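Here is the structure we will look at.
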Amino acid sequence: MATADRGLSTLGAFREGHRLAAEPGGAGGGNKRHGARGAELLLKLPVGSMVWLDPTDADGEPELLADLTADGALVLIAHGGRGGWGNKRFATPTRQTPRFAQHGAAGTQLRLRIELKLLADVGLVGLPNAGKSTLLRAWSAARPKVAPYPFTTLEPELGVVSVGFETFVAADMPGLIEGASQGVGLGHEFLRHIERTRVLVHVLDLTSEHPLEDYELINNELAEFGHGLAEKPQLVALNKIDVPDADERAAELGAVLEARRVRWLAISAQQRTSTDALAQRAFWLLQEQRVYEKYDAPLPVLRPEARRARVEGARAADGVAVVRGATAEWLASTFDVAEFESRHELIDRLRRLGTGRVLDRLGVQPGERVRIGVTEMQWDP
């Protein structure tokens, strides 16, 4: 089992990739006593974790098993093995003391990959050193590292922003560079986090030589990466309005943005000029997006799985008859086919499942080898 725990913020506990296993069940005892049940293994993951099943072959694609987006979300990742029966279970009037028992089946073994994507309402994007970390400091109690050189921020940082009696979560995304959508630098790592935000605040540096080109570069990277990043609502913050001649540059750039119907506001994150007004506008934009998601998001369509036969069969490339079916494979893995009584008990139970009819259709003759799951045995009905 895996669960989302808002008290966790990293995947540090799984960094080394250790093998994790639930405590196995116990063996049965005399006087028809059952063995103890195996213990449950619960993986506690940060909210926003995605659990992927790694493919078994090099050409396969990973399969998403769980997307834990809410605190307390719980998902079953793998099943434990079914227990077996002791020899008394197989006693009959003519076989009062069977010399065999059914083994317990092995549990599911999986190779998993866990990815953490931040969950934030508002994502701060822009080139390195545009002032995103300083803005997050001005907005919240978060204390990201701030320095006058690029790439100070190497991983996203979250802050809770208060707007009156309301709050939202903002994420300071590391600065993007040209080619980020193709994985240059840590581009893919950064862009994947932006997928989970609802609204973007695009921070532009008014002291840059070409702020409009900076704006277009970031938006091009968002569009190239895809995953709906370019379609997210965006508010532009023209930062560093406190430097000389910044008013004129903001007016010129603002006119261009207005012509493109882009919402913007001039601020100084360092001096905290208009940062509260920017937070208020970001919150309004967030509220609009929440309404859109509530009424326009498509409803999920739930479809029942197609019913499958309990037992199916086919000839493999080597000509061996192969039987498939969860119960048949479980039985074959828990009886000792090398022991006479045990093998015939297995065959009797397989016949009751309908395995005999399936093998008859395949033309299987008495004494021929058949394969059931990972077990190969002689079919001797």
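Ligands are numbered from 1 in the order shown, residues from 1 within each chain, and chains are lettered A, B, ... in the order they appear in the structure tokens.
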
(request) Compile the contact shell of A:Glu368 as a PyMOL selection string: residues with an atom at most 12 Å away, counting only C-alpha atoms, same-chain residues fewer than 2 positions apart removed. (result) chain A and resi 319-322+359-360+362-366+370-371+376-381

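Residues in contact range of A:Leu136, defined as at most 10 Å between only C-alpha atoms, with sequence neighbours fewer than 2 positions away removed, read Leu124, Gly131, Lys132, Ser133, Thr134, Ala138, Trp139, Ser140, Ala141, Ala142, Arg143, Pro144, Glu157, Leu158, Gly159, Val160, Val161, Ala170, Ala171, Asp172, Ala269 and Thr275 of chain A.
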
(message) Would you compute the distance between atom CA of A:Arg263 and atom CA of A:Leu235? Give it in Å to one decimal.
(response)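 These two atoms are separated by 5.3 Å.
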
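Nearest to A:Arg343 of all the residues A:Gly72, A:Ala21, A:Phe100, A:Arg324 is A:Phe100, counting only C-alpha atoms.
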
(request) Grab the atom CA of A:Thr334 to atom CA of A:Gly84 distance for me, in Å with one decimal place. (result) 7.0 Å

(message) Taking 3 positions as the minimum chain separation for residues in the same chain, which residues sit within 8 Å of stretch 198-200 of chain A when counting only C-alpha atoms? Answer as number ranges by chain.
(response) A: 120-125, 232-235, 282, 285-286, 289

(message) Counting only C-alpha atoms, which residue out of A:Trp85, A:Glu252, A:Thr3, A:Gly80 sits closest to A:Gln102?
(response) A:Trp85

(request) Using only C-alpha atoms, determine which residues lie at most 8 Å from A:Pro62, disregarding the query and same-chain residues fewer than 4 positions distant; provide the list as a ChimeraX atom specification. (result) /A:52-55

(message) Show me, as a ChimeraX atom specification, the residues that have an atom within 10 Å of stretch 203-217 of chain A when counting only C-alpha atoms, minus same-chain residues fewer than 2 positions from it.
(response) /A:124-132,135,176-179,200-201,219-223,235-250,253-254,256-257,264-269

(request) Counting only C-alpha atoms, figure out which residue out of A:Arg89, A:Arg137, A:Arg82, A:Lys44 gets nearest to A:Leu331. (result)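 When distances to A:Leu331 are compared using only C-alpha atoms, the smallest one comes from A:Arg82.
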
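Pairwise distance (atom CA of A:Ser49, atom CA of A:Leu112) equals 12.3 Å.
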
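Comparing the minimum interatomic distances between A:Ser342 and each of A:Arg113, A:Thr375, A:Gly325, A:Phe90, counting only C-alpha atoms, we find that A:Phe90 sits nearest.
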